[in-house]
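Peer 1: Take a look at query28.cif, mmCIF, C-alpha atoms (C1' of nucleotides):
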```
data_start
loop_
_atom_site.label_atom_id
_atom_site.label_comp_id
_atom_site.auth_asym_id
_atom_site.auth_seq_id
_atom_site.Cartn_x
_atom_site.Cartn_y
_atom_site.Cartn_z
CA MET A 1179 11.14 18.15 -11.08
CA GLU A 1180 14.54 18.53 -12.69
CA ASN A 1181 17.32 16.02 -12.13
CA LYS A 1182 20.98 15.47 -12.93
CA ILE A 1183 20.75 11.81 -13.80
CA ARG A 1184 21.83 12.17 -17.42
CA VAL A 1185 25.05 13.97 -16.46
CA LEU A 1186 25.87 11.68 -13.56
CA ARG A 1187 25.20 8.66 -15.73
CA ALA A 1188 27.48 10.02 -18.46
CA GLU A 1189 30.26 10.52 -15.91
CA LYS A 1190 30.04 6.83 -15.07
CA ASN A 1191 29.63 5.74 -18.70
CA TRP A 1192 26.44 3.92 -17.79
CA THR A 1193 23.59 3.26 -20.19
CA GLN A 1194 20.00 3.74 -19.09
CA GLU A 1195 19.77 -0.03 -18.96
CA ASP A 1196 22.87 -0.28 -16.73
CA LEU A 1197 21.37 2.20 -14.32
CA ALA A 1198 17.94 0.54 -14.47
CA GLY A 1199 19.50 -2.80 -13.54
CA ALA A 1200 21.46 -1.32 -10.65
CA VAL A 1201 18.44 0.59 -9.35
CA GLY A 1202 16.04 -2.28 -9.83
CA VAL A 1203 13.56 -0.60 -12.20
CA SER A 1204 12.91 -0.91 -15.92
CA ARG A 1205 14.86 0.92 -18.61
CA GLN A 1206 11.69 2.78 -19.59
CA THR A 1207 11.31 4.01 -16.02
CA ILE A 1208 14.83 5.47 -16.02
CA ASN A 1209 14.19 7.07 -19.38
CA ALA A 1210 10.90 8.59 -18.17
CA ILE A 1211 12.45 9.93 -14.94
CA GLU A 1212 15.45 11.31 -16.83
CA LYS A 1213 13.15 13.11 -19.26
CA GLY A 1214 10.96 14.44 -16.44
CA LYS A 1215 7.85 12.49 -17.41
CA PHE A 1216 7.29 11.66 -13.74
CA ASP A 1217 9.09 11.70 -10.41
CA PRO A 1218 10.58 8.53 -8.94
CA SER A 1219 9.17 7.09 -5.73
CA LEU A 1220 11.16 7.99 -2.60
CA PRO A 1221 12.83 4.53 -2.37
CA THR A 1222 13.82 4.73 -6.04
CA ALA A 1223 15.19 8.24 -5.53
CA PHE A 1224 17.27 6.97 -2.58
CA ARG A 1225 18.72 4.12 -4.67
CA ILE A 1226 19.57 6.40 -7.59
CA ALA A 1227 21.23 9.00 -5.36
CA ARG A 1228 23.25 6.35 -3.53
CA LEU A 1229 24.50 4.81 -6.76
CA PHE A 1230 25.93 8.20 -7.68
CA GLY A 1231 27.26 8.80 -4.16
CA GLN A 1232 25.18 11.96 -3.87
CA PRO A 1233 22.47 13.23 -1.50
CA ILE A 1234 18.99 13.21 -3.01
CA GLU A 1235 19.00 17.01 -3.12
CA ALA A 1236 22.06 16.93 -5.39
CA VAL A 1237 20.39 14.63 -7.90
CA PHE A 1238 16.79 15.88 -7.79
CA LEU A 1239 16.05 19.61 -7.81
CA TYR A 1240 12.71 20.47 -6.29
CA GLY A 1241 10.95 23.78 -6.63
CA ASP A 1242 12.69 26.57 -4.62
CA MET B 1364 11.13 3.14 5.53
CA GLU B 1365 11.65 4.73 8.92
CA ASN B 1366 11.25 8.45 9.48
CA LYS B 1367 11.70 11.08 12.17
CA ILE B 1368 8.53 13.02 11.47
CA ARG B 1369 6.94 12.37 14.85
CA VAL B 1370 9.94 13.72 16.75
CA LEU B 1371 10.45 16.73 14.45
CA ARG B 1372 6.75 17.50 14.65
CA ALA B 1373 6.84 17.31 18.46
CA GLU B 1374 9.78 19.73 18.52
CA LYS B 1375 7.65 22.24 16.63
CA ASN B 1376 4.49 21.48 18.63
CA TRP B 1377 2.63 20.76 15.43
CA THR B 1378 -0.34 18.43 15.17
CA GLN B 1379 -0.62 15.99 12.26
CA GLU B 1380 -3.26 18.34 10.87
CA ASP B 1381 -0.92 21.36 11.15
CA LEU B 1382 1.77 19.50 9.24
CA ALA B 1383 -0.71 18.17 6.68
CA GLY B 1384 -1.90 21.71 5.97
CA ALA B 1385 1.64 23.03 5.61
CA VAL B 1386 2.68 20.13 3.37
CA GLY B 1387 -0.49 20.19 1.30
CA VAL B 1388 -1.70 16.64 1.97
CA SER B 1389 -4.46 15.19 4.14
CA ARG B 1390 -4.12 14.44 7.84
CA GLN B 1391 -4.61 10.74 7.11
CA THR B 1392 -1.67 10.84 4.71
CA ILE B 1393 0.63 12.32 7.37
CA ASN B 1394 -0.58 9.73 9.85
CA ALA B 1395 0.04 6.88 7.39
CA ILE B 1396 3.53 8.13 6.49
CA GLU B 1397 4.41 8.70 10.13
CA LYS B 1398 3.33 5.16 10.99
CA GLY B 1399 5.21 3.70 8.02
CA LYS B 1400 2.12 2.48 6.18
CA PHE B 1401 3.61 3.81 2.94
CA ASP B 1402 6.36 6.11 1.71
CA PRO B 1403 5.60 9.65 0.59
CA SER B 1404 6.10 10.65 -3.03
CA LEU B 1405 9.39 12.44 -3.73
CA PRO B 1406 7.75 15.90 -3.93
CA THR B 1407 5.94 15.28 -0.65
CA ALA B 1408 9.20 14.13 0.97
CA PHE B 1409 10.91 17.33 -0.23
CA ARG B 1410 8.16 19.51 1.26
CA ILE B 1411 8.21 17.70 4.60
CA ALA B 1412 12.01 17.87 4.87
CA ARG B 1413 12.05 21.57 3.98
CA LEU B 1414 9.41 22.40 6.58
CA PHE B 1415 11.71 20.92 9.20
CA GLY B 1416 14.80 22.57 7.72
CA GLN B 1417 16.42 19.18 7.18
CA PRO B 1418 17.80 17.24 4.22
CA ILE B 1419 15.60 14.35 3.11
CA GLU B 1420 18.16 11.87 4.41
CA ALA B 1421 17.81 13.31 7.92
CA VAL B 1422 14.04 12.85 7.94
CA PHE B 1423 13.66 9.58 6.02
CA LEU B 1424 15.98 6.65 6.75
CA TYR B 1425 16.32 4.26 3.85
CA GLY B 1426 17.87 0.84 4.12
CA ASP B 1427 20.98 0.23 6.26
"C1'" DT C 1395 25.24 0.84 -46.40
"C1'" DT C 1396 24.43 -2.38 -42.95
"C1'" DT C 1397 24.80 -3.89 -38.24
"C1'" DA C 1398 24.44 -3.10 -33.46
"C1'" DC C 1399 23.51 -0.67 -29.49
"C1'" DA C 1400 21.38 3.24 -27.10
"C1'" DT C 1401 17.55 6.02 -26.62
"C1'" DG C 1402 12.64 7.63 -27.35
"C1'" DT C 1403 7.84 6.61 -27.08
"C1'" DC C 1404 3.27 4.43 -26.75
"C1'" DA C 1405 -0.37 1.38 -25.01
"C1'" DA C 1406 -2.30 -1.36 -21.52
"C1'" DG C 1407 -2.02 -3.24 -17.22
"C1'" DT C 1408 -0.53 -3.50 -11.99
"C1'" DT C 1409 0.98 -1.47 -7.70
"C1'" DT C 1410 1.61 2.35 -4.73
"C1'" DT C 1411 0.47 6.87 -3.01
"C1'" DA C 1412 -3.07 9.97 -1.71
"C1'" DT C 1413 -7.90 11.35 -1.29
"C1'" DT C 1414 -12.52 11.97 1.38
"C1'" DA C 1415 -15.54 10.43 4.76
"C1'" DA C 1416 -16.65 8.07 8.63
"C1'" DC C 1417 -16.00 6.29 13.08
"C1'" DA C 1418 -13.02 4.39 17.17
"C1'" DT C 1419 -9.57 5.30 20.63
"C1'" DT C 1420 -6.54 7.98 23.56
"C1'" DA C 1421 -5.15 11.68 26.65
"C1'" DG C 1422 -5.77 15.78 28.98
"C1'" DA C 1423 -8.45 19.70 30.71
"C1'" DA C 1424 -12.56 21.34 32.96
"C1'" DT D 1061 -16.51 11.92 34.92
"C1'" DT D 1062 -17.39 14.54 30.83
"C1'" DC D 1063 -15.88 17.21 26.97
"C1'" DT D 1064 -12.66 18.03 23.48
"C1'" DA D 1065 -8.60 17.77 20.60
"C1'" DA D 1066 -5.44 14.58 18.67
"C1'" DT D 1067 -4.53 10.37 16.79
"C1'" DG D 1068 -5.64 5.67 14.81
"C1'" DT D 1069 -7.90 3.03 11.33
"C1'" DT D 1070 -10.84 1.46 7.56
"C1'" DA D 1071 -13.32 1.58 3.03
"C1'" DA D 1072 -13.81 3.18 -1.46
"C1'" DT D 1073 -11.89 5.86 -4.94
"C1'" DA D 1074 -8.55 8.57 -7.75
"C1'" DA D 1075 -4.00 9.65 -9.29
"C1'" DA D 1076 0.78 8.65 -9.89
"C1'" DA D 1077 4.63 5.38 -10.36
"C1'" DC D 1078 6.12 1.45 -12.60
"C1'" DT D 1079 5.66 -2.78 -15.54
"C1'" DT D 1080 6.09 -5.51 -20.05
"C1'" DG D 1081 6.14 -5.52 -24.85
"C1'" DA D 1082 6.59 -3.52 -29.05
"C1'" DC D 1083 8.41 -0.57 -32.40
"C1'" DA D 1084 10.70 3.86 -34.11
"C1'" DT D 1085 14.79 6.74 -34.29
"C1'" DG D 1086 19.58 8.09 -33.63
"C1'" DT D 1087 24.41 7.28 -33.82
"C1'" DA D 1088 28.60 5.27 -34.63
"C1'" DA D 1089 31.47 1.60 -36.20
"C1'" DA D 1090 32.43 -2.23 -39.60
#
```
Hey, can you dump this file as structure tokens for me?

Peer 2:
Amino acid sequence: MENKIRVLRAEKNWTQEDLAGAVGVSRQTINAIEKGKFDPSLPTAFRIARLFGQPIEAVFLYGD
Amino acid sequence: MENKIRVLRAEKNWTQEDLAGAVGVSRQTINAIEKGKFDPSLPTAFRIARLFGQPIEAVFLYGD
DNA sequence: TTTACATGTCAAGTTTTATTAACATTAGAA
DNA sequence: TTCTAATGTTAATAAAACTTGACATGTAAA
């Protein structure tokens, strides 16, 4: 699944570690999600989307 | 995490098995999600929400 | 060039999500 | 009441998400 985390994070000038801390996961987890190595859990997806003030569908792009 | 699956499913007159088949998971998985025993994965949440023509946030209620 | 910070990646382990199979319970129709 | 479909629940297992720790690379500033 694609996602817009890298762009949204850049807009906020946040490092992966900043985001990880705010979301409550490890830096490696943010890196892996960002690079598409796996999908976040639903609660993690909710927290990420909320931090960026976006609906989940605007951050994570599923299928079509 | 709360969800509105039971109500949305009732509106469509779908059984748990109908929904499970459409989503591509087992009936027990739908039952467990519906009863809040665990949260679906993000891809599963996307498929459920799309089947009901709703954004994820309208089907799954996180926090608040 | 060296220092410092950000990112990439890997291995090994834990927790969570999802599976199949089996059986119990509930509710409604015959 | 009896039969049947739907739902509830449990056990054992597999797969995916996430962890810590360690180390490599990239990039930019001193």

Peer 1: Would you pick out the contacts of segment 1202-1216 of chain A at 7 Å or less, using all atoms listed in the file, so that residues sharing its chain but fewer than 6 positions from it are not included, and give the list as a PyMOL selection string?

Peer 2: (chain A and resi 1179-1181+1183-1184+1194-1195) or (chain D and resi 1078)

Peer 1: I need every residue sitting at most 9 Å from the point (-7.6, 17.5, 17.2) (coordinates as in the file, all atoms listed in the file considered), written as an mmCIF file with C-alpha atoms (C1' of nucleotides), keeping the file's coordinate frame.

Peer 2:
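The result, stored in part00.cif:
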```cif
data_model
loop_
_atom_site.group_PDB
_atom_site.id
_atom_site.type_symbol
_atom_site.label_atom_id
_atom_site.label_comp_id
_atom_site.auth_asym_id
_atom_site.auth_seq_id
_atom_site.Cartn_x
_atom_site.Cartn_y
_atom_site.Cartn_z
ATOM 1 C CA THR B 1378 -0.340 18.430 15.170
ATOM 2 C CA GLN B 1379 -0.620 15.990 12.260
ATOM 3 C CA GLU B 1380 -3.260 18.340 10.870
ATOM 4 C "C1'" DT D 1064 -12.660 18.030 23.480
ATOM 5 C "C1'" DA D 1065 -8.600 17.770 20.600
ATOM 6 C "C1'" DA D 1066 -5.440 14.580 18.670
ATOM 7 C "C1'" DT D 1067 -4.530 10.370 16.790
#
```

Peer 1: Got a sec to pull out which chain C residues are within 10 Å of chain B, counting only C-alpha atoms (C1' of nucleotides), and send them as a list in words?

Peer 2: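 Residues passing the distance filter: DT1410, DT1411, DA1412, DT1413 and DT1414 of chain C.
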
Peer 1: Output the coordinates of chain A after least-squares fitting to chain B on all in-order C-alpha pairs, as a PDB file with C-alpha atoms, in the coordinates of the input.

Peer 2:
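Output (selection28.pdb):
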```pdb
ATOM      1  CA  MET A1179      11.131   3.110   5.615  1.00  0.00           C
ATOM      2  CA  GLU A1180      11.610   4.711   9.007  1.00  0.00           C
ATOM      3  CA  ASN A1181      11.229   8.441   9.540  1.00  0.00           C
ATOM      4  CA  LYS A1182      11.667  11.081  12.219  1.00  0.00           C
ATOM      5  CA  ILE A1183       8.510  13.019  11.523  1.00  0.00           C
ATOM      6  CA  ARG A1184       6.879  12.390  14.891  1.00  0.00           C
ATOM      7  CA  VAL A1185       9.885  13.758  16.795  1.00  0.00           C
ATOM      8  CA  LEU A1186      10.416  16.727  14.507  1.00  0.00           C
ATOM      9  CA  ARG A1187       6.728  17.534  14.667  1.00  0.00           C
ATOM     10  CA  ALA A1188       6.779  17.370  18.471  1.00  0.00           C
ATOM     11  CA  GLU A1189       9.724  19.778  18.551  1.00  0.00           C
ATOM     12  CA  LYS A1190       7.622  22.282  16.633  1.00  0.00           C
ATOM     13  CA  ASN A1191       4.446  21.558  18.614  1.00  0.00           C
ATOM     14  CA  TRP A1192       2.609  20.814  15.390  1.00  0.00           C
ATOM     15  CA  THR A1193      -0.378  18.509  15.109  1.00  0.00           C
ATOM     16  CA  GLN A1194      -0.651  16.058  12.237  1.00  0.00           C
ATOM     17  CA  GLU A1195      -3.257  18.383  10.793  1.00  0.00           C
ATOM     18  CA  ASP A1196      -0.915  21.397  11.061  1.00  0.00           C
ATOM     19  CA  LEU A1197       1.768  19.512   9.202  1.00  0.00           C
ATOM     20  CA  ALA A1198      -0.709  18.164   6.635  1.00  0.00           C
ATOM     21  CA  GLY A1199      -1.872  21.703   5.876  1.00  0.00           C
ATOM     22  CA  ALA A1200       1.668  23.016   5.516  1.00  0.00           C
ATOM     23  CA  VAL A1201       2.714  20.096   3.316  1.00  0.00           C
ATOM     24  CA  GLY A1202      -0.435  20.141   1.240  1.00  0.00           C
ATOM     25  CA  VAL A1203      -1.653  16.585   1.917  1.00  0.00           C
ATOM     26  CA  SER A1204      -4.433  15.160   4.062  1.00  0.00           C
ATOM     27  CA  ARG A1205      -4.151  14.475   7.782  1.00  0.00           C
ATOM     28  CA  GLN A1206      -4.623  10.764   7.097  1.00  0.00           C
ATOM     29  CA  THR A1207      -1.673  10.831   4.710  1.00  0.00           C
ATOM     30  CA  ILE A1208       0.605  12.324   7.376  1.00  0.00           C
ATOM     31  CA  ASN A1209      -0.626   9.782   9.883  1.00  0.00           C
ATOM     32  CA  ALA A1210      -0.004   6.900   7.453  1.00  0.00           C
ATOM     33  CA  ILE A1211       3.505   8.126   6.550  1.00  0.00           C
ATOM     34  CA  GLU A1212       4.355   8.713  10.211  1.00  0.00           C
ATOM     35  CA  LYS A1213       3.247   5.185  11.083  1.00  0.00           C
ATOM     36  CA  GLY A1214       5.144   3.697   8.132  1.00  0.00           C
ATOM     37  CA  LYS A1215       2.068   2.499   6.257  1.00  0.00           C
ATOM     38  CA  PHE A1216       3.592   3.808   3.027  1.00  0.00           C
ATOM     39  CA  ASP A1217       6.356   6.082   1.791  1.00  0.00           C
ATOM     40  CA  PRO A1218       5.624   9.633   0.659  1.00  0.00           C
ATOM     41  CA  SER A1219       6.132  10.604  -2.969  1.00  0.00           C
ATOM     42  CA  LEU A1220       9.433  12.388  -3.668  1.00  0.00           C
ATOM     43  CA  PRO A1221       7.788  15.861  -3.897  1.00  0.00           C
ATOM     44  CA  THR A1222       5.983  15.257  -0.601  1.00  0.00           C
ATOM     45  CA  ALA A1223       9.222  14.093   1.016  1.00  0.00           C
ATOM     46  CA  PHE A1224      10.943  17.289  -0.193  1.00  0.00           C
ATOM     47  CA  ARG A1225       8.187  19.481   1.288  1.00  0.00           C
ATOM     48  CA  ILE A1226       8.238  17.670   4.629  1.00  0.00           C
ATOM     49  CA  ALA A1227      12.031  17.839   4.910  1.00  0.00           C
ATOM     50  CA  ARG A1228      12.075  21.535   4.019  1.00  0.00           C
ATOM     51  CA  LEU A1229       9.437  22.378   6.607  1.00  0.00           C
ATOM     52  CA  PHE A1230      11.718  20.882   9.241  1.00  0.00           C
ATOM     53  CA  GLY A1231      14.818  22.527   7.757  1.00  0.00           C
ATOM     54  CA  GLN A1232      16.433  19.129   7.263  1.00  0.00           C
ATOM     55  CA  PRO A1233      17.819  17.177   4.290  1.00  0.00           C
ATOM     56  CA  ILE A1234      15.605  14.301   3.186  1.00  0.00           C
ATOM     57  CA  GLU A1235      18.165  11.811   4.488  1.00  0.00           C
ATOM     58  CA  ALA A1236      17.790  13.266   7.990  1.00  0.00           C
ATOM     59  CA  VAL A1237      14.026  12.806   7.998  1.00  0.00           C
ATOM     60  CA  PHE A1238      13.661   9.536   6.073  1.00  0.00           C
ATOM     61  CA  LEU A1239      15.959   6.600   6.820  1.00  0.00           C
ATOM     62  CA  TYR A1240      16.302   4.208   3.927  1.00  0.00           C
ATOM     63  CA  GLY A1241      17.741   0.736   4.130  1.00  0.00           C
ATOM     64  CA  ASP A1242      21.556   0.769   4.679  1.00  0.00           C
TER      65      ASP A1242
END
```

Peer 1: I'd like to see the residues matched by the PyMOL selection byres ((chain C and resi 1417) around 9) on this file, and ideally I'd get them as a list in words.

Peer 2: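 In the shown coordinates, the PyMOL selection byres ((chain C and resi 1417) around 9) covers DA1416 and DA1418 of chain C; DT1069 and DT1070 of chain D.
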
Peer 1: Just write the chosen residues, C-alpha atoms (C1' of nucleotides), as a PDB file, in the frame of the given file.

Peer 2:
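Listed below is the output, out18.pdb:
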```
ATOM      1  C1'  DA C1416     -16.650   8.070   8.630  1.00  0.00           C
ATOM      2  C1'  DA C1418     -13.020   4.390  17.170  1.00  0.00           C
TER       3       DA C1418
ATOM      4  C1'  DT D1069      -7.900   3.030  11.330  1.00  0.00           C
ATOM      5  C1'  DT D1070     -10.840   1.460   7.560  1.00  0.00           C
TER       6       DT D1070
END
```

Peer 1: Kindly resolve the PyMOL selection byres ((chain B) within 8 of (chain A)) on the present coordinates and return the residues as number ranges by chain.

Peer 2: B: 1402-1406, 1408-1409, 1418-1420, 1425

Peer 1: Just how far from atom CA of Leu1186 of chain A is atom C1' of DT1087 of chain D, in Å to one decimal?

Peer 2: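 Atom C1' of DT1087 of chain D sits 20.8 Å away from atom CA of Leu1186 of chain A.
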